[in-house]
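Structure below is model_1.txt: compact mmCIF, C-alpha atoms.
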```txt
# COMPACT_ATOMS: atom_id res chain seq x y z
CA MET A 14 -18.50 -12.07 11.30
CA LEU A 15 -17.78 -14.51 8.48
CA ILE A 16 -15.86 -13.81 5.29
CA GLU A 17 -18.35 -14.11 2.43
CA GLU A 18 -17.19 -15.50 -0.90
CA ASN A 19 -18.81 -12.90 -3.17
CA ALA A 20 -17.57 -10.02 -1.01
CA LEU A 21 -14.03 -11.41 -0.95
CA LYS A 22 -14.03 -11.93 -4.72
CA HIS A 23 -15.28 -8.36 -5.20
CA TRP A 24 -12.41 -7.10 -3.02
CA ILE A 25 -9.78 -9.10 -4.92
CA ASP A 26 -11.10 -7.91 -8.28
CA ASN A 27 -11.79 -4.27 -7.45
CA PHE A 28 -9.93 -3.01 -4.37
CA TYR A 29 -6.88 -0.94 -5.36
CA GLY A 30 -6.22 1.02 -2.21
CA TYR A 31 -6.82 4.42 -0.65
CA GLY A 32 -6.73 8.08 -1.58
CA SER A 33 -7.21 9.35 -5.11
CA TRP A 34 -5.97 8.36 -8.55
CA GLN A 35 -5.55 12.10 -9.12
CA ALA A 36 -2.93 12.21 -6.34
CA ARG A 37 0.52 13.60 -7.06
CA PHE A 38 2.31 10.74 -5.25
CA TRP A 39 1.41 7.06 -5.48
CA PHE A 40 2.92 4.73 -2.87
CA VAL A 41 2.60 1.14 -4.03
CA GLY A 42 3.27 -1.42 -1.31
CA TYR A 43 3.63 -5.12 -1.85
CA GLU A 44 0.31 -6.05 -0.22
CA GLU A 45 -2.49 -4.75 1.96
CA SER A 46 -1.61 -4.82 5.65
CA GLY A 47 -3.58 -6.51 8.41
CA GLY A 48 -5.41 -9.79 8.25
CA GLU A 49 -4.20 -11.21 11.55
CA VAL A 50 -7.75 -12.35 12.32
CA PRO A 51 -10.59 -13.26 9.91
CA GLU A 52 -12.94 -10.73 11.54
CA GLU A 53 -10.72 -7.87 10.35
CA VAL A 54 -10.70 -9.20 6.79
CA ALA A 55 -14.48 -9.58 6.91
CA ASP A 56 -14.92 -6.02 8.16
CA LYS A 57 -12.85 -4.66 5.29
CA VAL A 58 -14.29 -6.70 2.44
CA ASN A 59 -17.90 -6.33 3.61
CA TYR A 60 -17.55 -2.54 3.88
CA PHE A 61 -16.00 -2.38 0.43
CA ASN A 62 -18.67 -4.65 -1.05
CA ARG A 63 -21.36 -2.42 0.37
CA VAL A 64 -19.92 1.03 -0.36
CA HIS A 65 -18.08 0.25 -3.62
CA ALA A 66 -20.52 -2.24 -5.08
CA SER A 67 -20.55 -0.52 -8.47
CA SER A 68 -16.91 -1.43 -9.25
CA ASP A 69 -16.26 2.07 -10.55
CA GLY A 70 -12.52 1.82 -9.93
CA ALA A 71 -12.42 4.57 -7.30
CA LEU A 72 -9.97 4.31 -4.44
CA CYS A 73 -11.32 4.04 -0.88
CA ASP A 74 -11.47 6.73 1.75
CA ILE A 75 -9.15 5.12 4.30
CA ARG A 76 -10.65 7.01 7.22
CA GLU A 77 -14.18 5.85 6.42
CA LEU A 78 -13.16 2.24 5.86
CA TYR A 79 -11.11 2.19 9.06
CA ARG A 80 -14.15 3.32 11.06
CA HIS A 81 -15.75 0.01 10.12
CA VAL A 82 -12.78 -2.22 11.02
CA ALA A 83 -12.98 -3.28 14.67
CA ILE A 84 -9.84 -3.75 16.75
CA GLN A 85 -9.56 -7.42 17.71
CA TRP A 86 -6.52 -7.23 19.98
CA ASP A 87 -6.00 -9.02 23.25
CA GLY A 88 -3.62 -7.80 25.93
CA PRO A 89 -2.82 -4.38 27.41
CA LYS A 90 -3.90 -2.37 24.33
CA LYS A 91 -7.26 -4.12 24.07
CA ASN A 92 -9.33 -1.28 25.54
CA LEU A 93 -7.43 1.66 24.07
CA PHE A 94 -9.11 1.64 20.66
CA THR A 95 -12.35 0.20 19.31
CA ASN A 96 -11.60 0.54 15.61
CA ARG A 97 -8.78 1.23 13.15
CA TYR A 98 -9.84 4.85 12.67
CA GLU A 99 -9.24 5.60 16.34
CA TYR A 100 -5.91 3.77 16.16
CA ARG A 101 -4.52 5.75 13.21
CA PHE A 102 -6.49 9.00 12.86
CA ASP A 103 -8.29 10.00 16.06
CA THR A 104 -7.13 12.12 19.00
CA ASN A 105 -4.84 9.47 20.55
CA ALA A 106 -3.72 7.92 17.26
CA ILE A 107 -0.47 5.95 17.05
CA GLN A 108 2.11 6.92 14.46
CA HIS A 109 2.43 4.42 11.61
CA GLY A 110 6.01 3.23 11.16
CA VAL A 111 5.87 3.10 7.35
CA TRP A 112 3.67 6.13 6.74
CA LYS A 113 6.00 8.45 8.69
CA ASN A 114 8.81 7.66 6.26
CA LEU A 115 6.57 8.00 3.21
CA ILE A 116 5.54 11.44 4.50
CA ALA A 117 9.22 12.35 5.00
CA PHE A 118 10.05 11.09 1.49
CA GLU A 119 7.26 13.13 -0.06
CA HIS A 120 8.23 16.36 1.67
CA GLY A 121 11.91 15.78 0.92
CA TYR A 122 11.03 15.37 -2.76
CA ARG A 123 8.97 18.56 -2.67
CA GLY A 124 11.78 20.44 -0.95
CA GLU A 125 9.56 21.25 2.01
CA LYS A 126 10.15 20.93 5.73
CA VAL A 127 8.82 17.66 7.12
CA PRO A 128 5.73 18.58 9.19
CA ASP A 129 4.60 17.14 12.50
CA VAL A 130 4.31 13.63 11.08
CA LEU A 131 1.61 12.35 13.42
CA ALA A 132 -0.53 15.45 12.88
CA TYR A 133 -0.13 15.09 9.10
CA GLN A 134 -1.05 11.40 9.33
CA LYS A 135 -4.23 12.19 11.26
CA ASP A 136 -5.36 15.19 9.24
CA ALA A 137 -4.22 14.79 5.65
CA PHE A 138 -2.31 11.64 4.69
CA ALA A 139 -3.96 9.69 1.85
CA SER A 140 -7.09 11.81 2.05
CA PRO A 141 -9.08 11.60 -1.20
CA ALA A 142 -9.98 15.28 -0.81
CA THR A 143 -6.41 16.60 -0.99
CA HIS A 144 -5.19 14.59 -4.01
CA LYS A 145 -1.70 14.38 -2.48
CA GLU A 146 -1.15 10.65 -1.88
CA ALA A 147 -2.53 7.30 -2.97
CA LEU A 148 -1.76 4.09 -1.06
CA ILE A 149 -1.98 1.16 -3.45
CA PRO A 150 -1.22 -2.50 -2.65
CA LEU A 151 0.17 -4.58 -5.50
CA TYR A 152 -1.68 -7.55 -3.98
CA PRO A 153 -5.05 -6.79 -2.37
CA LEU A 154 -5.60 -9.38 0.35
CA PRO A 155 -4.69 -8.26 3.89
CA SER A 156 -1.54 -10.08 4.96
CA PRO A 157 -0.11 -10.06 8.49
CA HIS A 158 3.44 -9.11 9.42
CA ASN A 159 4.39 -12.77 9.92
CA HIS A 160 3.55 -13.43 6.24
CA ALA A 161 1.37 -16.40 7.19
CA TRP A 162 -1.19 -17.47 4.59
CA TYR A 163 -4.53 -17.76 6.35
CA TYR A 164 -6.72 -18.03 3.25
CA SER A 165 -6.01 -21.65 2.31
CA TRP A 166 -8.64 -22.89 4.76
CA LEU A 167 -11.47 -21.01 3.04
CA ASP A 168 -13.86 -23.29 1.18
CA MET A 169 -14.77 -21.04 -1.72
CA PRO A 170 -15.28 -22.70 -5.12
CA GLN A 171 -14.89 -19.43 -7.08
CA LEU A 172 -11.55 -18.75 -5.39
CA GLY A 173 -9.61 -21.99 -5.71
CA PHE A 174 -6.41 -19.99 -6.28
CA LEU A 175 -6.46 -19.08 -2.57
CA LYS A 176 -5.12 -22.53 -1.69
CA SER A 177 -1.61 -21.08 -1.83
CA ARG A 178 0.00 -17.63 -1.88
CA ALA A 179 1.82 -18.51 -5.12
CA LEU A 180 -1.43 -19.38 -6.93
CA TYR A 181 -3.10 -16.23 -5.64
CA GLN A 182 -0.24 -13.98 -6.74
CA GLU A 183 -0.13 -15.65 -10.15
CA HIS A 184 -3.87 -15.05 -10.47
CA ALA A 185 -3.75 -11.40 -9.40
CA TYR A 186 -0.45 -10.03 -10.70
CA GLN A 187 -1.02 -9.38 -14.41
CA ARG A 188 -4.47 -7.85 -14.08
CA ARG A 189 -3.47 -5.56 -11.24
CA MET A 190 -0.26 -4.38 -12.85
CA GLN A 191 -2.07 -3.67 -16.10
CA GLN A 192 -4.65 -1.59 -14.22
CA ILE A 193 -2.01 0.30 -12.25
CA LEU A 194 0.05 1.02 -15.39
CA SER A 195 -3.05 2.00 -17.34
CA ASN A 196 -3.96 4.43 -14.57
CA ILE A 197 -0.44 5.86 -14.56
CA SER A 198 -0.87 6.53 -18.27
CA ALA A 199 -4.30 8.09 -17.73
CA TYR A 200 -3.74 10.14 -14.55
CA LYS A 201 -0.01 10.91 -14.90
CA PRO A 202 1.03 11.15 -11.24
CA GLU A 203 4.27 12.99 -10.65
CA LEU A 204 5.90 10.09 -8.84
CA VAL A 205 5.15 6.41 -8.19
CA LEU A 206 7.20 4.66 -5.51
CA MET A 207 6.90 0.86 -5.44
CA TYR A 208 8.48 -0.35 -2.19
CA GLY A 209 9.02 -3.69 -0.49
CA MET A 210 9.03 -5.48 -3.83
CA ASP A 211 10.63 -8.90 -4.17
CA ASN A 212 9.97 -9.36 -7.89
CA ILE A 213 11.83 -6.43 -9.43
CA ILE A 214 12.95 -8.20 -12.62
CA THR A 215 9.36 -9.24 -13.40
CA LEU A 216 8.06 -5.77 -12.53
CA LYS A 217 10.54 -4.08 -14.86
CA LYS A 218 9.60 -6.40 -17.73
CA THR A 219 5.91 -5.72 -17.15
CA VAL A 220 6.49 -1.96 -17.11
CA GLN A 221 8.54 -2.09 -20.31
CA ALA A 222 5.89 -4.20 -22.04
CA PHE A 223 3.36 -1.43 -21.31
CA PHE A 224 5.76 1.49 -21.84
CA PRO A 225 8.16 0.14 -24.53
CA ASP A 226 10.43 3.18 -24.40
CA ALA A 227 10.94 3.01 -20.62
CA GLN A 228 14.60 2.68 -19.63
CA PHE A 229 15.53 1.74 -16.07
CA LYS A 230 18.58 3.02 -14.24
CA MET A 231 19.78 1.31 -11.08
CA ILE A 232 20.94 3.62 -8.29
CA LYS A 233 23.13 1.98 -5.66
CA ALA A 234 22.40 2.24 -1.97
CA ILE A 235 24.16 4.64 0.36
CA LYS A 236 24.18 3.04 3.78
CA LEU A 237 21.71 4.61 6.24
CA GLN A 238 20.77 7.23 3.61
CA ILE A 239 19.49 6.07 0.22
CA PRO A 240 18.12 2.57 -0.54
CA GLN A 241 19.08 0.85 -3.76
CA HIS A 242 16.37 1.49 -6.32
CA HIS A 243 15.50 1.34 -9.99
CA ARG A 244 14.27 4.47 -11.76
CA ALA A 245 12.44 5.07 -15.04
CA ASP A 246 10.59 7.94 -16.68
CA LEU A 247 7.10 7.02 -17.89
CA HIS A 248 6.13 9.98 -20.05
CA GLY A 249 6.46 12.48 -17.22
CA THR A 250 5.89 10.14 -14.29
CA THR A 251 8.96 9.15 -12.28
CA LEU A 252 8.76 5.46 -11.33
CA LEU A 253 10.93 4.09 -8.52
CA ILE A 254 11.08 0.41 -7.55
CA THR A 255 12.91 -0.82 -4.45
CA THR A 256 13.02 -3.92 -2.30
CA GLN A 257 13.29 -1.75 0.81
CA ILE A 258 10.35 -1.11 3.13
CA PRO A 259 10.18 2.39 4.70
CA ALA A 260 10.67 1.00 8.20
CA LEU A 261 13.38 -0.59 10.30
CA ARG A 262 13.65 -4.34 10.09
CA HIS A 263 13.35 -5.87 13.56
CA ASN A 264 13.82 -2.32 14.95
CA ARG A 265 17.53 -2.36 14.05
CA ILE A 266 18.83 1.07 13.09
CA GLU A 267 21.40 -0.38 10.69
CA THR A 268 18.55 -1.62 8.47
CA GLY A 269 17.07 1.86 7.95
CA PHE A 270 17.47 4.72 5.52
CA ASP A 271 16.85 8.47 5.56
CA TRP A 272 13.64 8.67 3.54
CA GLU A 273 13.62 12.46 3.52
CA ALA A 274 17.10 12.41 1.99
CA PHE A 275 15.91 9.76 -0.47
CA GLY A 276 13.09 12.06 -1.59
CA LYS A 277 15.52 14.96 -2.02
CA SER A 278 17.90 12.81 -4.09
CA VAL A 279 15.10 11.77 -6.45
CA SER A 280 14.05 15.35 -7.12
CA LEU A 281 17.53 16.47 -8.20
```
If you took the structure in this file and wrote it as structure tokens, what would it be?
Amino acid sequence: MLIEENALKHWIDNFYGYGSWQARFWFVGYEESGGEVPEEVADKVNYFNRVHASSDGALCDIRELYRHVAIQWDGPKKNLFTNRYEYRFDTNAIQHGVWKNLIAFEHGYRGEKVPDVLAYQKDAFASPATHKEALIPLYPLPSPHNHAWYYSWLDMPQLGFLKSRALYQEHAYQRRMQQILSNISAYKPELVLMYGMDNIITLKKTVQAFFPDAQFKMIKAIKLQIPQHHRADLHGTTLLITTQIPALRHNRIETGFDWEAFGKSVSL
């Protein structure tokens, strides 16, 4: 299946993630995951173009979108799953390394016992019906773990900015941040956690341009417990920004933090 220019442009302009804007917790990652093969990107953008053609600003139902994204793996796992829904939400679903820590963070913040994380992932996480979590990428295009930029080869006259990641991010950043901040003002989530960010100075300036009275406080890291982060109050919404990703880097325990403890510390 080919990536179509109009569908890809519609995704870039209108895809903001999964769940519900009415959710209590917004988890804003640096970019949409995936994109190792063009077929996966095509599956996502074509589904979105078909189901969200009206550009009404609603977030996607992650379970429904994932049903339409075929697994393209080779190797021993090739025949275990046919689509992303089976991989993350069905009977034999695999626990997501980042989501498990976001779930722990959320329950720590709420002062509740962390549930069976895999069961919560399958049944409730980022469901638009529960209004508990929203998963929002700062940048919308699916990007693989190796951070390769596979979009430069696309011959799409409307999307010349895809020739480099820098051009694409320059094109997307201001509009997306303005929409996210506008929605924070409108929907007033209890907490917004922006994680894995590498542009914190720019982000803080953008936030303060939208919320002029916002004052950031930097909280230092506690090794293996609390990541360094920046905190501001946005008229009742707690905003946290951190460079840390809720997962181990290269599976090394010394790169991790206790995300349940992090959530508890924020709620104090």
List the spatial neighbours of range 22-29 of chain A as number ranges by chain - criterion: any atom at most 10 Å away, only C-alpha atoms, same-chain residues fewer than 5 positions off excluded.
A: 17, 34, 41, 45, 57-62, 65-73, 147-154, 169, 171-172, 181, 185, 188-189, 192-193
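When only C-alpha atoms are used to compute distances to Gln134 in chain A, the closest of the residues A:Ala36, A:Val111, A:Ala234, A:Leu180 turns out to be A:Val111.
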Between CA of Ser46 in chain A and CA of Pro155 in chain A, distance in Å (one decimal)
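According to the coordinates, CA of Ser46 in chain A and CA of Pro155 in chain A are separated by 4.9 Å.
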Students should find that CA of Thr268 in chain A and CA of His242 in chain A are spaced 15.3 Å
Give the answer as one residue: which of A:Thr251, A:Asn105, A:Ser156, A:Thr95 has the shortest atom-to-atom distance to Val54 in chain A, using only C-alpha atoms?
A:Ser156
Using CA of Leu216 in chain A and CA of Leu204 in chain A as the two end points, give the distance in Å to one decimal.
16.4 Å
Counting only C-alpha atoms, what is within 7 Å of Pro141 in chain A, bar same-chain residues fewer than 4 positions away, as a PyMOL selection string?
chain A and resi 32-33+74
Contacts of Gly209 in chain A within 7 Å, all atoms listed in the file, excl. fewer than 5 positions in-chain, as a ChimeraX atom specification:
/A:42-43,255-258
Find the residue from A:Glu146, A:Glu44, A:Ile235, A:Gly124 that sits nearest to Gln182 in chain A; use all atoms listed in the file when measuring.
A:Glu44
Since the input is missing atoms for range 222-239 of chain A, could you rebuild it with N, CA, C and O atoms and give the result as a tab-separated table (two decimals), keeping the file's coordinate frame?
```
chain	number	residue	atom	x	y	z
A	222	ALA	N	6.86	-3.69	-21.07
A	222	ALA	CA	5.89	-4.20	-22.04
A	222	ALA	C	4.77	-3.19	-22.26
A	222	ALA	O	4.23	-3.07	-23.37
A	223	PHE	N	4.42	-2.44	-21.20
A	223	PHE	CA	3.36	-1.43	-21.31
A	223	PHE	C	3.91	-0.12	-21.84
A	223	PHE	O	3.25	0.55	-22.65
A	224	PHE	N	5.09	0.26	-21.38
A	224	PHE	CA	5.76	1.49	-21.84
A	224	PHE	C	7.06	1.05	-22.55
A	224	PHE	O	8.12	1.01	-21.93
A	225	PRO	N	6.99	0.72	-23.84
A	225	PRO	CA	8.16	0.14	-24.53
A	225	PRO	C	9.41	1.00	-24.52
A	225	PRO	O	10.53	0.48	-24.63
A	226	ASP	N	9.26	2.31	-24.39
A	226	ASP	CA	10.43	3.18	-24.40
A	226	ASP	C	11.00	3.44	-23.01
A	226	ASP	O	11.95	4.22	-22.86
A	227	ALA	N	10.46	2.81	-21.98
A	227	ALA	CA	10.94	3.01	-20.62
A	227	ALA	C	12.33	2.39	-20.45
A	227	ALA	O	12.55	1.24	-20.81
A	228	GLN	N	13.24	3.16	-19.90
A	228	GLN	CA	14.60	2.68	-19.63
A	228	GLN	C	14.87	2.82	-18.14
A	228	GLN	O	14.74	3.91	-17.58
A	229	PHE	N	15.27	1.73	-17.50
A	229	PHE	CA	15.53	1.74	-16.07
A	229	PHE	C	17.01	2.01	-15.79
A	229	PHE	O	17.89	1.50	-16.49
A	230	LYS	N	17.24	2.79	-14.76
A	230	LYS	CA	18.58	3.02	-14.24
A	230	LYS	C	18.62	2.55	-12.80
A	230	LYS	O	17.73	2.87	-12.01
A	231	MET	N	19.66	1.79	-12.45
A	231	MET	CA	19.78	1.31	-11.08
A	231	MET	C	20.68	2.25	-10.29
A	231	MET	O	21.78	2.58	-10.72
A	232	ILE	N	20.17	2.73	-9.16
A	232	ILE	CA	20.94	3.62	-8.29
A	232	ILE	C	21.34	2.83	-7.04
A	232	ILE	O	20.48	2.28	-6.35
A	233	LYS	N	22.63	2.78	-6.77
A	233	LYS	CA	23.13	1.98	-5.66
A	233	LYS	C	22.78	2.62	-4.32
A	233	LYS	O	22.62	3.83	-4.21
A	234	ALA	N	22.73	1.78	-3.32
A	234	ALA	CA	22.40	2.24	-1.97
A	234	ALA	C	23.55	3.03	-1.37
A	234	ALA	O	24.73	2.77	-1.66
A	235	ILE	N	23.21	3.99	-0.53
A	235	ILE	CA	24.16	4.64	0.36
A	235	ILE	C	23.72	4.29	1.77
A	235	ILE	O	22.61	4.62	2.18
A	236	LYS	N	24.55	3.59	2.49
A	236	LYS	CA	24.18	3.04	3.78
A	236	LYS	C	23.59	4.11	4.70
A	236	LYS	O	24.15	5.20	4.84
A	237	LEU	N	22.45	3.77	5.29
A	237	LEU	CA	21.71	4.61	6.24
A	237	LEU	C	21.15	5.88	5.60
A	237	LEU	O	20.56	6.71	6.29
A	238	GLN	N	21.28	6.03	4.28
A	238	GLN	CA	20.77	7.23	3.61
A	238	GLN	C	19.80	6.88	2.49
A	238	GLN	O	18.60	7.15	2.61
A	239	ILE	N	20.30	6.28	1.41
A	239	ILE	CA	19.49	6.07	0.22
A	239	ILE	C	19.40	4.57	-0.08
A	239	ILE	O	20.43	3.91	-0.23
```
